[in-house]
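S.K.: Dropping in my_file-v2.csv, with CSV, C-alpha atoms.
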chain,number,residue,atom,x,y,z
K,417,MET,CA,33.1,-37.6,-3.7
K,418,LYS,CA,31.2,-38.1,-6.9
K,419,LYS,CA,28.3,-39.4,-4.8
K,420,ILE,CA,28.3,-36.2,-2.6
K,421,LEU,CA,28.4,-33.9,-5.7
K,422,PHE,CA,25.5,-35.9,-7.2
K,423,ILE,CA,23.4,-35.4,-4.0
K,424,PHE,CA,24.2,-31.7,-4.0
K,425,ALA,CA,23.2,-31.4,-7.6
K,426,LEU,CA,19.9,-33.1,-6.9
K,427,LEU,CA,19.2,-30.8,-3.9
K,428,ASN,CA,20.0,-27.7,-6.0
K,429,PHE,CA,17.7,-29.0,-8.8
K,430,GLY,CA,14.9,-29.6,-6.3
K,431,LEU,CA,15.4,-26.1,-4.8
K,432,ALA,CA,15.3,-24.4,-8.2
K,433,PHE,CA,12.2,-26.4,-9.2
K,434,SER,CA,10.4,-25.4,-6.0
K,435,GLN,CA,10.7,-21.7,-6.7
K,436,CYS,CA,7.6,-20.0,-8.0
K,437,THR,CA,7.1,-17.0,-10.3
K,438,ILE,CA,4.8,-14.0,-10.1
K,439,THR,CA,3.5,-12.5,-13.3
K,440,GLY,CA,2.2,-8.9,-13.5
K,441,ALA,CA,3.1,-5.3,-14.3
K,442,ASP,CA,6.6,-4.2,-13.2
K,443,GLN,CA,5.3,-0.6,-12.8
K,444,LEU,CA,2.2,0.7,-11.0
K,445,GLN,CA,0.8,4.3,-10.7
K,446,VAL,CA,-0.5,5.6,-7.4
K,447,GLY,CA,-4.2,4.8,-7.4
K,448,GLU,CA,-3.9,2.2,-10.2
K,449,ARG,CA,-4.9,-1.4,-9.7
K,450,GLN,CA,-3.2,-4.5,-11.2
K,451,ILE,CA,-3.6,-8.2,-10.9
K,452,TYR,CA,-0.6,-10.4,-10.0
K,453,THR,CA,-0.7,-14.2,-10.6
K,454,ALA,CA,1.4,-17.2,-9.5
K,455,THR,CA,2.5,-19.1,-12.6
K,456,ASN,CA,3.0,-22.5,-11.1
K,457,SER,CA,-0.5,-22.9,-9.6
K,458,ASP,CA,-0.6,-26.6,-10.6
K,459,ALA,CA,2.0,-27.3,-7.9
K,460,ALA,CA,-0.3,-25.9,-5.1
K,461,GLU,CA,-1.7,-28.4,-2.7
K,462,CYS,CA,-5.0,-26.7,-2.5
K,463,LEU,CA,-7.0,-23.7,-3.9
K,464,ASP,CA,-6.2,-21.5,-0.9
K,465,CYS,CA,-2.6,-22.7,-0.2
K,466,TYR,CA,-1.2,-19.3,-1.2
K,467,GLN,CA,0.1,-16.6,1.1
K,468,TRP,CA,0.8,-13.1,-0.4
K,469,THR,CA,2.5,-10.7,1.9
K,470,TYR,CA,3.8,-7.1,1.9
K,471,LEU,CA,4.9,-5.2,5.0
K,472,ASP,CA,5.3,-1.6,3.8
K,473,GLN,CA,2.9,1.0,2.6
K,474,LYS,CA,3.9,1.5,-1.1
K,475,ILE,CA,1.1,-0.9,-2.2
K,476,LEU,CA,-2.2,-2.1,-0.9
K,477,LEU,CA,-3.3,-5.8,-1.1
K,478,GLU,CA,-7.0,-5.5,-2.0
K,479,SER,CA,-8.2,-9.1,-2.6
K,480,ASP,CA,-7.9,-12.5,-0.9
K,481,THR,CA,-4.3,-13.1,-0.1
K,482,LYS,CA,-4.7,-16.9,0.0
K,483,LYS,CA,-5.7,-17.3,-3.7
K,484,ASN,CA,-3.7,-17.8,-6.9
K,485,ASP,CA,-4.1,-14.2,-8.0
K,486,LEU,CA,-4.0,-10.9,-6.1
K,487,THR,CA,-5.4,-7.4,-6.8
K,488,VAL,CA,-2.8,-4.7,-5.8
K,489,LYS,CA,-3.3,-1.0,-5.7
K,490,GLY,CA,-0.5,1.6,-5.9
K,491,ALA,CA,-0.4,3.8,-2.7
K,492,VAL,CA,2.9,5.6,-2.3
K,493,PRO,CA,5.7,6.2,-4.8
K,494,GLY,CA,8.7,3.9,-4.3
K,495,SER,CA,9.9,0.3,-4.7
K,496,ALA,CA,7.7,-2.5,-3.3
K,497,LEU,CA,8.7,-6.1,-2.9
K,498,LEU,CA,5.7,-8.4,-3.1
K,499,SER,CA,6.2,-11.9,-1.6
K,500,LEU,CA,4.4,-15.1,-2.2
K,501,GLU,CA,4.6,-18.5,-0.5
K,502,ILE,CA,2.8,-21.6,-1.9
K,503,LYS,CA,2.1,-24.8,0.0
K,504,THR,CA,2.9,-27.8,-2.2
K,505,LYS,CA,3.1,-31.6,-1.8
K,506,ASP,CA,6.9,-31.3,-1.6
K,507,GLY,CA,6.9,-28.4,0.9
K,508,LYS,CA,6.8,-24.7,0.1
K,509,SER,CA,7.6,-22.6,-3.0
K,510,LYS,CA,8.6,-19.0,-2.4
K,511,CYS,CA,9.1,-16.1,-4.8
K,512,GLU,CA,9.1,-12.3,-4.9
K,513,LYS,CA,8.4,-9.5,-7.4
K,514,LEU,CA,9.7,-6.0,-7.3
K,515,ILE,CA,7.1,-3.4,-8.2
K,516,LYS,CA,7.9,0.2,-8.9
K,517,VAL,CA,5.2,2.6,-7.8
K,518,ILE,CA,5.2,5.9,-9.6
K,519,ALA,CA,3.3,9.2,-9.0
K,520,PRO,CA,0.4,9.9,-11.4
K,521,THR,CA,1.1,11.9,-14.5
K,522,SER,CA,1.9,15.5,-13.9
K,523,ASN,CA,-0.8,18.2,-13.9
K,524,SER,CA,0.6,19.7,-17.1
K,525,LEU,CA,-2.1,18.6,-19.6
K,526,THR,CA,-2.1,18.3,-23.4
K,527,ASN,CA,-5.6,16.9,-23.7
K,528,ASP,CA,-8.3,19.5,-23.4
K,529,ASN,CA,-10.9,16.8,-22.6
K,530,VAL,CA,-9.2,15.9,-19.3
K,531,LYS,CA,-11.0,17.7,-16.4
K,532,CYS,CA,-8.8,19.1,-13.7
K,533,ASP,CA,-11.4,20.4,-11.3
K,534,ILE,CA,-10.9,18.1,-8.4
K,535,GLY,CA,-13.2,20.1,-6.1
K,536,VAL,CA,-11.5,19.3,-2.7
K,537,ASN,CA,-10.5,22.4,-0.7
K,538,ALA,CA,-10.4,21.1,2.9
K,539,PHE,CA,-10.5,18.1,5.2
K,540,LYS,CA,-11.7,17.8,8.8
K,541,GLU,CA,-10.7,15.9,11.9
K,542,VAL,CA,-13.2,13.3,13.4
K,543,ARG,CA,-12.7,11.5,16.7
K,544,ALA,CA,-12.5,7.8,16.0
K,545,THR,CA,-11.6,6.5,19.5
K,546,ASP,CA,-10.0,8.1,22.5
K,547,LYS,CA,-6.6,7.8,21.0
K,548,LYS,CA,-7.4,7.7,17.2
K,549,VAL,CA,-8.3,10.5,14.9
K,550,ALA,CA,-9.9,10.1,11.4
K,551,PHE,CA,-9.2,12.7,8.7
K,552,GLU,CA,-12.1,13.2,6.2
K,553,PRO,CA,-12.0,15.1,2.9
K,554,GLU,CA,-14.8,17.5,2.5
K,555,THR,CA,-16.1,16.3,-0.9
K,556,ALA,CA,-18.9,14.2,-2.4
K,557,GLU,CA,-16.6,13.0,-5.2
K,558,THR,CA,-16.0,9.3,-5.1
K,559,ASN,CA,-13.6,8.7,-7.9
K,560,LEU,CA,-10.6,10.1,-6.2
K,561,SER,CA,-7.3,8.6,-4.8
K,562,TYR,CA,-5.5,9.9,-1.8
K,563,ILE,CA,-2.2,9.9,-0.1
K,564,TRP,CA,-2.2,11.2,3.5
K,565,THR,CA,1.1,12.1,5.3
K,566,VAL,CA,1.0,12.7,9.0
K,567,THR,CA,4.0,14.3,10.7
K,568,TYR,CA,4.3,13.9,14.5
K,569,ARG,CA,6.2,16.3,16.8
K,570,ASN,CA,8.9,13.7,17.5
K,571,GLY,CA,9.7,13.5,13.8
K,572,GLU,CA,7.8,10.3,13.1
K,573,ILE,CA,5.9,10.2,9.7
K,574,LYS,CA,3.0,7.9,8.8
K,575,LYS,CA,1.2,7.5,5.5
K,576,SER,CA,-2.1,6.1,4.3
K,577,ALA,CA,-3.9,5.7,1.0
K,578,GLU,CA,-7.4,5.3,2.5
K,579,LYS,CA,-10.1,7.9,1.8
K,580,ARG,CA,-10.8,8.3,5.6
K,581,PRO,CA,-7.6,7.2,7.3
K,582,GLN,CA,-7.2,6.8,11.1
K,583,PHE,CA,-4.0,7.7,13.0
K,584,ASP,CA,-2.9,7.5,16.6
K,585,TYR,CA,-2.6,10.6,18.7
K,586,SER,CA,-2.2,11.6,22.3
K,587,ASN,CA,-0.8,14.4,24.5
K,588,GLU,CA,2.5,12.6,24.3
K,589,HIS,CA,2.3,11.7,20.6
K,590,VAL,CA,1.2,15.0,19.1
K,591,ILE,CA,0.4,15.5,15.4
K,592,ASP,CA,2.1,18.6,14.1
K,593,LYS,CA,1.1,18.6,10.4
K,594,VAL,CA,-1.2,16.7,8.0
K,595,ASP,CA,-0.8,16.7,4.2
K,596,MET,CA,-3.6,15.4,1.9
K,597,GLU,CA,-2.7,14.7,-1.7
K,598,VAL,CA,-5.7,14.1,-4.0
K,599,PHE,CA,-5.5,12.5,-7.4
K,600,LEU,CA,-8.0,12.4,-10.3
K,601,ASN,CA,-7.0,11.2,-13.8
K,602,ARG,CA,-3.8,13.2,-14.5
K,603,CYS,CA,-4.5,15.9,-12.0
K,604,SER,CA,-3.5,16.3,-8.4
K,605,THR,CA,-3.8,18.8,-5.6
K,606,LYS,CA,-2.2,19.0,-2.1
K,607,ILE,CA,-3.8,20.5,1.0
K,608,SER,CA,-1.8,20.9,4.2
K,609,LYS,CA,-2.8,21.8,7.8
K,610,SER,CA,-0.6,22.5,10.8
K,611,TYR,CA,-1.8,22.2,14.4
K,612,ASN,CA,-0.8,24.3,17.4
K,613,SER,CA,0.2,22.9,20.8
K,614,ASN,CA,-3.4,23.1,22.3
K,615,PHE,CA,-5.4,21.6,19.5
K,616,TRP,CA,-5.1,18.0,20.5
K,617,TYR,CA,-5.4,18.7,24.2
K,618,PHE,CA,-9.0,20.0,23.6
K,619,PHE,CA,-9.9,17.7,20.7
Go ahead and render the structure in this file as structure tokens.
M.R.:
Amino acid sequence: MKKILFIFALLNFGLAFSQCTITGADQLQVGERQIYTATNSDAAECLDCYQWTYLDQKILLESDTKKNDLTVKGAVPGSALLSLEIKTKDGKSKCEKLIKVIAPTSNSLTNDNVKCDIGVNAFKEVRATDKKVAFEPETAETNLSYIWTVTYRNGEIKKSAEKRPQFDYSNEHVIDKVDMEVFLNRCSTKISKSYNSNFWYFF
């Protein structure tokens, strides 16, 4: 019995030792970028033996997902669970980090030096493929962050933080409404557009 307990203890120790740790900010604003790093990089079998993954839309992975560190951008407010798997000589190390993505600071400003003229009043639809549409903000400003929300007639909702996002559409999968939220420093504005039944048929 003692022998069995000793083996279990060794297994538990090996399992605990194989776990990795992710360092980086616990909180991230929409549009903000942060770098997250694996702390036990010495245990990795090679320089690109890392695999960062995230399956939702709260954050965007902007750099090489097979390296020791990763640049992450906040996209949509909410909780994001970032995962990392490292190949080691003894197998694999796995770890996770919970990141809270928050909306940018409210429009109510106390600093007179902060400019709030975002200068975006509209967006347009551009055909990307036969069944994809791209939405494009009508502005020359480049230092802006976006959150697009597309609502389909069947109730489905899709989001994107790209400047010029693409979404599926068809006569059977009709887009009813598009919201574009634009962020600059501590300012934000929201522009919405609704579509009638015939718009996508003739688009």
S.K.: Ranking K:Gln467, K:Ser604, K:Asn559, K:Asn570 by minimum distance to Ile591 in chain K and counting all atoms listed in the file, which one comes first?
M.R.: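 Selected residue with least distance to Ile591 in chain K: K:Asn570.
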S.K.: Considering all atoms listed in the file, state which residue in the set K:Ala491, K:Met596, K:Val590, K:Ile438 is at the smallest distance from Asn614 in chain K.
M.R.: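 Smallest separation from Asn614 in chain K among the options: K:Val590.
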S.K.: Residues within 10 Å of (3.2, -1.2, -6.6), file coordinates, counting all atoms listed in the file: what are they? Give the list as a PDB file with C-alpha atoms, in the coordinates of the input.
M.R.:
ATOM      1  CA  ALA K 441       3.100  -5.300 -14.300  1.00  0.00           C
ATOM      2  CA  ASP K 442       6.600  -4.200 -13.200  1.00  0.00           C
ATOM      3  CA  GLN K 443       5.300  -0.600 -12.800  1.00  0.00           C
ATOM      4  CA  LEU K 444       2.200   0.700 -11.000  1.00  0.00           C
ATOM      5  CA  GLN K 445       0.800   4.300 -10.700  1.00  0.00           C
ATOM      6  CA  VAL K 446      -0.500   5.600  -7.400  1.00  0.00           C
ATOM      7  CA  GLY K 447      -4.200   4.800  -7.400  1.00  0.00           C
ATOM      8  CA  GLU K 448      -3.900   2.200 -10.200  1.00  0.00           C
ATOM      9  CA  ARG K 449      -4.900  -1.400  -9.700  1.00  0.00           C
ATOM     10  CA  GLN K 450      -3.200  -4.500 -11.200  1.00  0.00           C
ATOM     11  CA  GLN K 473       2.900   1.000   2.600  1.00  0.00           C
ATOM     12  CA  LYS K 474       3.900   1.500  -1.100  1.00  0.00           C
ATOM     13  CA  ILE K 475       1.100  -0.900  -2.200  1.00  0.00           C
ATOM     14  CA  LEU K 476      -2.200  -2.100  -0.900  1.00  0.00           C
ATOM     15  CA  LEU K 477      -3.300  -5.800  -1.100  1.00  0.00           C
ATOM     16  CA  VAL K 488      -2.800  -4.700  -5.800  1.00  0.00           C
ATOM     17  CA  LYS K 489      -3.300  -1.000  -5.700  1.00  0.00           C
ATOM     18  CA  GLY K 490      -0.500   1.600  -5.900  1.00  0.00           C
ATOM     19  CA  ALA K 491      -0.400   3.800  -2.700  1.00  0.00           C
ATOM     20  CA  VAL K 492       2.900   5.600  -2.300  1.00  0.00           C
ATOM     21  CA  PRO K 493       5.700   6.200  -4.800  1.00  0.00           C
ATOM     22  CA  GLY K 494       8.700   3.900  -4.300  1.00  0.00           C
ATOM     23  CA  SER K 495       9.900   0.300  -4.700  1.00  0.00           C
ATOM     24  CA  ALA K 496       7.700  -2.500  -3.300  1.00  0.00           C
ATOM     25  CA  LEU K 497       8.700  -6.100  -2.900  1.00  0.00           C
ATOM     26  CA  LEU K 498       5.700  -8.400  -3.100  1.00  0.00           C
ATOM     27  CA  LYS K 513       8.400  -9.500  -7.400  1.00  0.00           C
ATOM     28  CA  LEU K 514       9.700  -6.000  -7.300  1.00  0.00           C
ATOM     29  CA  ILE K 515       7.100  -3.400  -8.200  1.00  0.00           C
ATOM     30  CA  LYS K 516       7.900   0.200  -8.900  1.00  0.00           C
ATOM     31  CA  VAL K 517       5.200   2.600  -7.800  1.00  0.00           C
ATOM     32  CA  ILE K 518       5.200   5.900  -9.600  1.00  0.00           C
TER      33      ILE K 518
END
S.K.: Taking 4 positions as the minimum chain separation for residues in the same chain, which residues sit within 9 Å of Lys547 in chain K when counting all atoms listed in the file? Answer as a PyMOL selection string.
M.R.: chain K and resi 543+583-586
S.K.: Hey, can you check how far CA of Asp546 in chain K sits from CA of Lys593 in chain K?
M.R.: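 Taking CA of Asp546 in chain K as the start and CA of Lys593 in chain K as the end point, the length is 19.5 Å.
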S.K.: Suppose you want the space between CA of Lys505 in chain K and CA of Tyr452 in chain K; what is it in Å?
M.R.: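 These two atoms are separated by 23.0 Å.
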S.K.: Enumerate, in order of chain and increasing residue number, the residues of range 478-590 of chain K with an atom no farther than 7 Å from range 454-464 of chain K, each with its shortest atom pair and distance in Å to one decimal, counting all atoms listed in the file, as a tab-separated table.
M.R.:
residue	atom	partner	partner_atom	distance
K:Lys482	CA	K:Asp464	CA	4.9
K:Lys483	CA	K:Asp464	CA	5.1
K:Asn484	CA	K:Ala454	CA	5.8
K:Asp485	CA	K:Ala454	CA	6.4
K:Ile502	CA	K:Ala460	CA	6.2
K:Lys503	CA	K:Ala460	CA	5.7
K:Thr504	CA	K:Glu461	CA	4.7
K:Lys505	CA	K:Glu461	CA	5.8
S.K.: So, with all atoms listed in the file as the atoms that count, which of K:Ile573, K:Val542, K:Leu471, K:Leu560 lies closest to Val598 in chain K?
M.R.: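 Of all the options, K:Leu560 lies closest to Val598 in chain K.
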S.K.: Quick one: distance from CA of Val536 in chain K to CA of Tyr617 in chain K in Å, one decimal?
M.R.: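 Interatomic distance here is 27.6 Å.
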S.K.: Compare K:Gln582, K:Phe618, K:Thr487, K:Thr605 by their minimum atom-to-atom distance to Ala544 in chain K, counting only C-alpha atoms, and give me the closest one.
M.R.: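 Ranking K:Gln582, K:Phe618, K:Thr487, K:Thr605 by distance to Ala544 in chain K, first place goes to K:Gln582.
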